Every structure is written in structure tokens, then in C-alpha cells.
$ cat data_33.txt   # compact mmCIF, N, CA and C atoms
# COMPACT_ATOMS: atom_id res chain seq x y z
N MET A 1 -11.14 264.07 29.72
CA MET A 1 -12.49 264.26 30.21
C MET A 1 -12.51 265.16 31.44
N VAL A 2 -11.60 264.91 32.37
CA VAL A 2 -11.55 265.71 33.59
C VAL A 2 -11.25 267.17 33.25
N LYS A 3 -10.32 267.39 32.33
CA LYS A 3 -9.98 268.77 31.98
C LYS A 3 -11.19 269.47 31.35
N ASP A 4 -12.02 268.73 30.61
CA ASP A 4 -13.22 269.32 30.04
C ASP A 4 -14.15 269.83 31.13
N ILE A 5 -14.28 269.08 32.20
CA ILE A 5 -15.13 269.48 33.32
C ILE A 5 -14.53 270.70 34.01
N VAL A 6 -13.22 270.70 34.17
CA VAL A 6 -12.53 271.85 34.77
C VAL A 6 -12.78 273.09 33.94
N LEU A 7 -12.62 272.98 32.62
CA LEU A 7 -12.83 274.13 31.73
C LEU A 7 -14.28 274.60 31.78
N MET A 8 -15.21 273.67 31.86
CA MET A 8 -16.62 274.03 31.94
C MET A 8 -16.90 274.81 33.25
N ASN A 9 -16.36 274.33 34.35
CA ASN A 9 -16.56 275.00 35.64
C ASN A 9 -15.91 276.38 35.67
N ILE A 10 -14.75 276.50 35.06
CA ILE A 10 -14.10 277.81 34.96
C ILE A 10 -14.97 278.75 34.16
N ASP A 11 -15.49 278.26 33.03
CA ASP A 11 -16.34 279.08 32.17
C ASP A 11 -17.58 279.56 32.91
N VAL A 12 -18.18 278.69 33.71
CA VAL A 12 -19.36 279.07 34.49
C VAL A 12 -19.03 280.23 35.42
N GLU A 13 -17.91 280.13 36.13
CA GLU A 13 -17.54 281.19 37.08
C GLU A 13 -17.17 282.49 36.37
N LEU A 14 -16.47 282.39 35.25
CA LEU A 14 -16.12 283.61 34.51
C LEU A 14 -17.37 284.27 33.92
N THR A 15 -18.32 283.48 33.48
CA THR A 15 -19.58 284.03 32.98
C THR A 15 -20.32 284.75 34.10
N ARG A 16 -20.34 284.16 35.27
CA ARG A 16 -20.96 284.81 36.44
C ARG A 16 -20.25 286.12 36.77
N ALA A 17 -18.92 286.10 36.70
CA ALA A 17 -18.13 287.30 37.00
C ALA A 17 -18.45 288.41 36.00
N LYS A 18 -18.52 288.06 34.73
CA LYS A 18 -18.83 289.06 33.69
C LYS A 18 -20.22 289.64 33.89
N LYS A 19 -21.17 288.79 34.23
CA LYS A 19 -22.54 289.26 34.47
C LYS A 19 -22.57 290.21 35.67
N ALA A 20 -21.85 289.84 36.72
CA ALA A 20 -21.80 290.70 37.90
C ALA A 20 -21.20 292.06 37.57
N LEU A 21 -20.17 292.07 36.74
CA LEU A 21 -19.57 293.35 36.32
C LEU A 21 -20.58 294.20 35.55
N GLU A 22 -21.32 293.55 34.65
CA GLU A 22 -22.34 294.27 33.87
C GLU A 22 -23.39 294.89 34.78
N GLU A 23 -23.67 294.22 35.90
CA GLU A 23 -24.67 294.70 36.85
C GLU A 23 -24.07 295.67 37.87
N GLY A 24 -22.78 295.92 37.76
CA GLY A 24 -22.13 296.85 38.68
C GLY A 24 -21.77 296.25 40.02
N ASN A 25 -21.77 294.95 40.12
CA ASN A 25 -21.48 294.27 41.38
C ASN A 25 -20.03 293.77 41.36
N ILE A 26 -19.08 294.67 41.59
CA ILE A 26 -17.66 294.33 41.54
C ILE A 26 -17.28 293.29 42.58
N GLY A 27 -17.92 293.33 43.75
CA GLY A 27 -17.62 292.36 44.79
C GLY A 27 -17.92 290.94 44.33
N MET A 28 -19.09 290.73 43.74
CA MET A 28 -19.45 289.40 43.26
C MET A 28 -18.56 289.00 42.08
N ALA A 29 -18.21 289.96 41.24
CA ALA A 29 -17.32 289.66 40.12
C ALA A 29 -15.97 289.16 40.62
N ARG A 30 -15.47 289.78 41.67
CA ARG A 30 -14.19 289.36 42.25
C ARG A 30 -14.29 287.97 42.87
N VAL A 31 -15.40 287.69 43.54
CA VAL A 31 -15.60 286.36 44.14
C VAL A 31 -15.60 285.29 43.04
N CYS A 32 -16.36 285.52 41.99
CA CYS A 32 -16.44 284.54 40.91
C CYS A 32 -15.10 284.39 40.19
N ALA A 33 -14.39 285.49 40.01
CA ALA A 33 -13.06 285.43 39.38
C ALA A 33 -12.10 284.61 40.24
N ARG A 34 -12.16 284.81 41.55
CA ARG A 34 -11.31 284.02 42.45
C ARG A 34 -11.67 282.54 42.38
N ARG A 35 -12.96 282.23 42.33
CA ARG A 35 -13.38 280.82 42.23
C ARG A 35 -12.84 280.20 40.95
N ALA A 36 -12.92 280.92 39.85
CA ALA A 36 -12.41 280.40 38.57
C ALA A 36 -10.92 280.12 38.67
N CYS A 37 -10.19 281.02 39.32
CA CYS A 37 -8.75 280.80 39.53
C CYS A 37 -8.52 279.56 40.38
N GLY A 38 -9.28 279.44 41.44
CA GLY A 38 -9.14 278.29 42.33
C GLY A 38 -9.33 276.97 41.60
N ILE A 39 -10.26 276.93 40.68
CA ILE A 39 -10.50 275.70 39.90
C ILE A 39 -9.26 275.36 39.08
N SER A 40 -8.70 276.35 38.40
CA SER A 40 -7.53 276.08 37.56
C SER A 40 -6.31 275.74 38.41
N ILE A 41 -6.12 276.42 39.52
CA ILE A 41 -4.97 276.16 40.38
C ILE A 41 -5.08 274.77 41.00
N SER A 42 -6.27 274.40 41.46
CA SER A 42 -6.47 273.07 42.05
C SER A 42 -6.19 271.97 41.03
N PHE A 43 -6.63 272.19 39.79
CA PHE A 43 -6.35 271.22 38.72
C PHE A 43 -4.85 271.11 38.51
N TRP A 44 -4.15 272.23 38.45
CA TRP A 44 -2.70 272.24 38.26
C TRP A 44 -2.00 271.53 39.42
N LEU A 45 -2.46 271.78 40.63
CA LEU A 45 -1.85 271.15 41.80
C LEU A 45 -1.97 269.63 41.74
N GLN A 46 -3.11 269.15 41.26
CA GLN A 46 -3.30 267.69 41.15
C GLN A 46 -2.40 267.09 40.07
N ILE A 47 -2.32 267.75 38.95
CA ILE A 47 -1.51 267.24 37.83
C ILE A 47 -0.03 267.27 38.17
N ASN A 48 0.41 268.31 38.85
CA ASN A 48 1.82 268.50 39.13
C ASN A 48 2.25 268.00 40.51
N LEU A 49 1.32 267.43 41.24
CA LEU A 49 1.61 266.92 42.58
C LEU A 49 2.36 267.95 43.42
N HIS A 50 1.88 269.16 43.36
CA HIS A 50 2.46 270.29 44.09
C HIS A 50 1.62 270.52 45.34
N SER A 51 2.25 270.85 46.43
CA SER A 51 1.49 271.10 47.66
C SER A 51 1.91 272.43 48.25
N GLY A 52 1.21 272.82 49.29
CA GLY A 52 1.55 274.04 50.00
C GLY A 52 0.80 275.27 49.56
N TYR A 53 -0.10 275.13 48.60
CA TYR A 53 -0.87 276.28 48.13
C TYR A 53 -2.17 276.44 48.89
N GLY A 54 -2.56 275.45 49.66
CA GLY A 54 -3.83 275.50 50.36
C GLY A 54 -4.95 275.00 49.47
N GLU A 55 -6.13 274.91 50.05
CA GLU A 55 -7.26 274.36 49.31
C GLU A 55 -8.25 275.42 48.84
N SER A 56 -8.34 276.53 49.54
CA SER A 56 -9.29 277.55 49.11
C SER A 56 -8.66 278.44 48.05
N ALA A 57 -9.50 279.01 47.20
CA ALA A 57 -9.00 279.90 46.15
C ALA A 57 -8.24 281.07 46.75
N MET A 58 -8.72 281.62 47.83
CA MET A 58 -8.05 282.76 48.46
C MET A 58 -6.66 282.36 48.95
N ASN A 59 -6.54 281.22 49.61
CA ASN A 59 -5.22 280.77 50.08
C ASN A 59 -4.29 280.50 48.91
N GLN A 60 -4.83 279.94 47.84
CA GLN A 60 -4.02 279.66 46.66
C GLN A 60 -3.50 280.95 46.04
N LEU A 61 -4.37 281.95 45.94
CA LEU A 61 -3.94 283.23 45.37
C LEU A 61 -2.87 283.88 46.24
N LYS A 62 -3.01 283.78 47.53
CA LYS A 62 -2.00 284.34 48.43
C LYS A 62 -0.68 283.57 48.32
N SER A 63 -0.77 282.25 48.14
CA SER A 63 0.44 281.44 47.99
C SER A 63 1.19 281.77 46.71
N ILE A 64 0.46 282.07 45.65
CA ILE A 64 1.10 282.44 44.38
C ILE A 64 2.00 283.66 44.58
N GLN A 65 1.53 284.59 45.39
CA GLN A 65 2.29 285.82 45.60
C GLN A 65 3.67 285.55 46.22
N ASN A 66 3.80 284.44 46.94
CA ASN A 66 5.05 284.10 47.60
C ASN A 66 5.85 283.04 46.86
N ASP A 67 5.34 282.59 45.72
CA ASP A 67 5.99 281.54 44.94
C ASP A 67 7.03 282.18 44.02
N GLU A 68 8.30 281.93 44.31
CA GLU A 68 9.38 282.54 43.53
C GLU A 68 9.37 282.10 42.07
N SER A 69 8.76 280.95 41.77
CA SER A 69 8.75 280.47 40.39
C SER A 69 7.64 281.12 39.56
N ALA A 70 6.71 281.80 40.21
CA ALA A 70 5.61 282.45 39.48
C ALA A 70 6.09 283.75 38.85
N PRO A 71 5.68 284.00 37.60
CA PRO A 71 6.03 285.28 36.96
C PRO A 71 5.41 286.45 37.70
N ASP A 72 6.06 287.59 37.62
CA ASP A 72 5.59 288.78 38.32
C ASP A 72 4.16 289.16 37.94
N GLU A 73 3.80 289.05 36.66
CA GLU A 73 2.45 289.44 36.25
C GLU A 73 1.39 288.52 36.87
N ILE A 74 1.74 287.28 37.11
CA ILE A 74 0.81 286.34 37.77
C ILE A 74 0.72 286.69 39.25
N LYS A 75 1.84 286.98 39.88
CA LYS A 75 1.85 287.38 41.28
C LYS A 75 1.02 288.65 41.47
N ASP A 76 1.21 289.61 40.57
CA ASP A 76 0.48 290.88 40.67
C ASP A 76 -1.03 290.67 40.52
N ALA A 77 -1.42 289.84 39.56
CA ALA A 77 -2.85 289.55 39.36
C ALA A 77 -3.42 288.85 40.59
N ALA A 78 -2.67 287.93 41.16
CA ALA A 78 -3.12 287.22 42.37
C ALA A 78 -3.26 288.19 43.53
N MET A 79 -2.34 289.14 43.64
CA MET A 79 -2.42 290.14 44.71
C MET A 79 -3.66 291.00 44.55
N ARG A 80 -3.94 291.43 43.32
CA ARG A 80 -5.11 292.28 43.10
C ARG A 80 -6.40 291.53 43.43
N LEU A 81 -6.48 290.26 43.05
CA LEU A 81 -7.70 289.50 43.31
C LEU A 81 -7.87 289.14 44.78
N SER A 82 -6.77 288.99 45.50
CA SER A 82 -6.88 288.54 46.89
C SER A 82 -6.89 289.69 47.90
N THR A 83 -6.68 290.90 47.43
CA THR A 83 -6.69 292.06 48.33
C THR A 83 -8.10 292.32 48.82
N HIS A 84 -8.25 292.43 50.14
CA HIS A 84 -9.55 292.76 50.73
C HIS A 84 -9.87 294.20 50.37
N VAL A 85 -11.05 294.40 49.87
CA VAL A 85 -11.45 295.74 49.43
C VAL A 85 -12.35 296.39 50.46
N SER A 86 -11.82 297.44 51.07
CA SER A 86 -12.65 298.22 51.98
C SER A 86 -12.67 299.68 51.54
N ASP A 87 -11.61 300.09 50.86
CA ASP A 87 -11.53 301.46 50.35
C ASP A 87 -10.85 301.42 48.99
N ARG A 88 -11.63 301.41 47.95
CA ARG A 88 -11.11 301.24 46.59
C ARG A 88 -10.16 302.36 46.17
N THR A 89 -10.22 303.48 46.81
CA THR A 89 -9.37 304.58 46.38
C THR A 89 -7.92 304.42 46.82
N THR A 90 -7.67 303.57 47.80
CA THR A 90 -6.30 303.44 48.29
C THR A 90 -5.70 302.06 48.05
N LEU A 91 -6.49 301.12 47.59
CA LEU A 91 -5.97 299.77 47.38
C LEU A 91 -5.65 299.51 45.92
N PRO A 92 -4.59 298.74 45.68
CA PRO A 92 -4.18 298.47 44.31
C PRO A 92 -4.99 297.33 43.68
N ILE A 93 -6.29 297.49 43.59
CA ILE A 93 -7.10 296.43 43.00
C ILE A 93 -7.40 296.75 41.56
N SER A 94 -7.77 295.72 40.85
CA SER A 94 -8.06 295.86 39.44
C SER A 94 -9.54 296.13 39.23
N ASP A 95 -9.83 296.97 38.25
CA ASP A 95 -11.21 297.15 37.84
C ASP A 95 -11.60 296.04 36.87
N ASN A 96 -10.66 295.13 36.61
CA ASN A 96 -10.89 294.05 35.68
C ASN A 96 -10.55 292.70 36.31
N PRO A 97 -11.34 292.24 37.28
CA PRO A 97 -11.02 290.97 37.92
C PRO A 97 -11.09 289.80 36.94
N VAL A 98 -11.91 289.91 35.92
CA VAL A 98 -12.01 288.83 34.92
C VAL A 98 -10.69 288.73 34.15
N GLY A 99 -10.13 289.87 33.79
CA GLY A 99 -8.85 289.87 33.08
C GLY A 99 -7.74 289.28 33.94
N ASP A 100 -7.71 289.65 35.22
CA ASP A 100 -6.72 289.07 36.13
C ASP A 100 -6.91 287.56 36.24
N ALA A 101 -8.17 287.14 36.37
CA ALA A 101 -8.45 285.71 36.48
C ALA A 101 -8.03 284.97 35.21
N GLU A 102 -8.34 285.53 34.06
CA GLU A 102 -7.98 284.87 32.80
C GLU A 102 -6.47 284.72 32.67
N LEU A 103 -5.73 285.71 33.13
CA LEU A 103 -4.27 285.64 33.11
C LEU A 103 -3.77 284.48 33.98
N ILE A 104 -4.29 284.39 35.18
CA ILE A 104 -3.89 283.33 36.11
C ILE A 104 -4.31 281.96 35.58
N ILE A 105 -5.53 281.87 35.11
CA ILE A 105 -6.06 280.60 34.60
C ILE A 105 -5.21 280.10 33.44
N LYS A 106 -4.92 280.98 32.51
CA LYS A 106 -4.11 280.60 31.34
C LYS A 106 -2.75 280.08 31.80
N HIS A 107 -2.15 280.78 32.74
CA HIS A 107 -0.83 280.38 33.25
C HIS A 107 -0.89 278.95 33.84
N PHE A 108 -1.87 278.70 34.67
CA PHE A 108 -1.92 277.40 35.34
C PHE A 108 -2.40 276.28 34.44
N LEU A 109 -3.21 276.56 33.45
CA LEU A 109 -3.64 275.50 32.54
C LEU A 109 -2.58 275.17 31.50
N GLU A 110 -1.66 276.09 31.25
CA GLU A 110 -0.60 275.85 30.25
C GLU A 110 0.67 275.31 30.86
N HIS A 111 0.79 275.29 32.18
CA HIS A 111 2.03 274.80 32.81
C HIS A 111 1.82 273.50 33.52
$ encode --input "data_33.txt" --output "C-alpha cells"
Amino acid sequence: MVKDIVLMNIDVELTRAKKALEEGNIGMARVCARRACGISISFWLQINLHSGYGESAMNQLKSIQNDESAPDEIKDAAMRLSTHVSDRTTLPISDNPVGDAELIIKHFLEH
């Protein structure tokens, strides 16, 4: 039952992110994508009794980047989502925050 609620909340945030992308609001899409990741990571942390990732989605994404057990593609997606965007031409951010979020979410819900 709890996982159903988690999945529902993730779906809500990903839907918001997709809508924001359609409207050209990349900033809001990234915020919603990060929230969706935070929901899945928090669920994983509870199930696995893992600590040290922090409580906010942003802190969790930054912690993933330093987690030696995380696959490189997950670390890279976390880096892209957590990078502060002030100049898109010089930062390694993704034009697909939903895709990055889905990658991270899948990883944490399957492990």
C-alpha cells in the first residue's frame, strides 16, 4: 500500500515536469523531476535503512554523486539534475530532466 502511494506521488511530479516542459518552463520541469527523485530515494532509504543522503531531494541527488556504489549513469543523471543553472551554454545539464529522473527513480525502486 505504501509503495502505491509513493508511485502515485512520483507520477504526479513527473506529470507536472512533463507539462512544464511542454510549456517551455525547463526550470519548473527540473524542480518537479528532482521532487520525483526525492520521493523514490526517500522510499529506498526507509526500506534499506540507509542514512547519510539527507532529507531534501537536492541533498539526496548530491549524495548520490559521491556514493561509490551508485552506477555512473545514475551519478551522471543526479549531477545533471542537481546542477544550478545560470548559464545553460556552459553547464552540463540535460534537456531531458524527466528522462534523468526516470533513470534515477527506476534505479532506486528496483534496488
$ select_by_dssp --input "data_33.txt" --residues "region 6-107 of chain A" --states "alpha helix (DSSP H)" --output "JSON, numbers by chain"
{"A": [6, 7, 8, 9, 10, 11, 12, 13, 14, 15, 16, 17, 18, 19, 20, 21, 22, 26, 27, 28, 29, 30, 31, 32, 33, 34, 35, 36, 37, 38, 39, 40, 41, 42, 43, 44, 45, 46, 47, 48, 57, 58, 59, 60, 61, 62, 63, 64, 65, 72, 73, 74, 75, 76, 77, 78, 79, 80, 81, 82, 97, 98, 99, 100, 101, 102, 103, 104, 105, 106, 107]}
$ atom_distance --input "data_33.txt" --atom1 "atom C of Ala36 (chain A)" --atom2 "atom C of Ile74 (chain A)"
13.4 Å
$ residues_around --input "data_33.txt" --residues "region 2-10 of chain A" --least-positions-apart "2" --cutoff "7 Å" --atoms "all atoms listed in the file" --output "list of chain:residue names"
A:Val12, A:Glu13, A:Leu14, A:Thr15, A:Arg35, A:Ala36, A:Cys37, A:Ile39, A:Ser40
$ closest_residue --input "data_33.txt" --among "A:Glu73, A:Leu81, A:Ile41, A:His111" --to "Met28 (chain A)" --atoms "only C-alpha atoms"
A:Leu81
$ atom_distance --input "data_33.txt" --atom1 "CA of Pro97 (chain A)" --atom2 "CA of Gly52 (chain A)"
24.3 Å
$ closest_residue --input "data_33.txt" --among "A:Val85, A:Ala101, A:Leu49, A:Leu61" --to "Cys32 (chain A)" --atoms "only C-alpha atoms"
A:Ala101
$ atom_distance --input "data_33.txt" --atom1 "atom N of Ile64 (chain A)" --atom2 "atom N of Phe43 (chain A)"
13.5 Å
$ closest_residue --input "data_33.txt" --among "A:Gln60, A:Thr83, A:Pro71, A:Ala77" --to "Trp44 (chain A)" --atoms "only C-alpha atoms"
A:Gln60
$ closest_residue --input "data_33.txt" --among "A:Tyr53, A:His84, A:Ala29, A:Glu23" --to "Gln65 (chain A)" --atoms "only C-alpha atoms"
A:Tyr53
$ closest_residue --input "data_33.txt" --among "A:Ser63, A:Ser82, A:Asp11, A:Ile26" --to "Asp95 (chain A)" --atoms "all atoms listed in the file"
A:Ile26
$ closest_residue --input "data_33.txt" --among "A:Ala33, A:Ala17, A:Ile47, A:Ile104" --to "Lys75 (chain A)" --atoms "only N, CA and C atoms"
A:Ile104
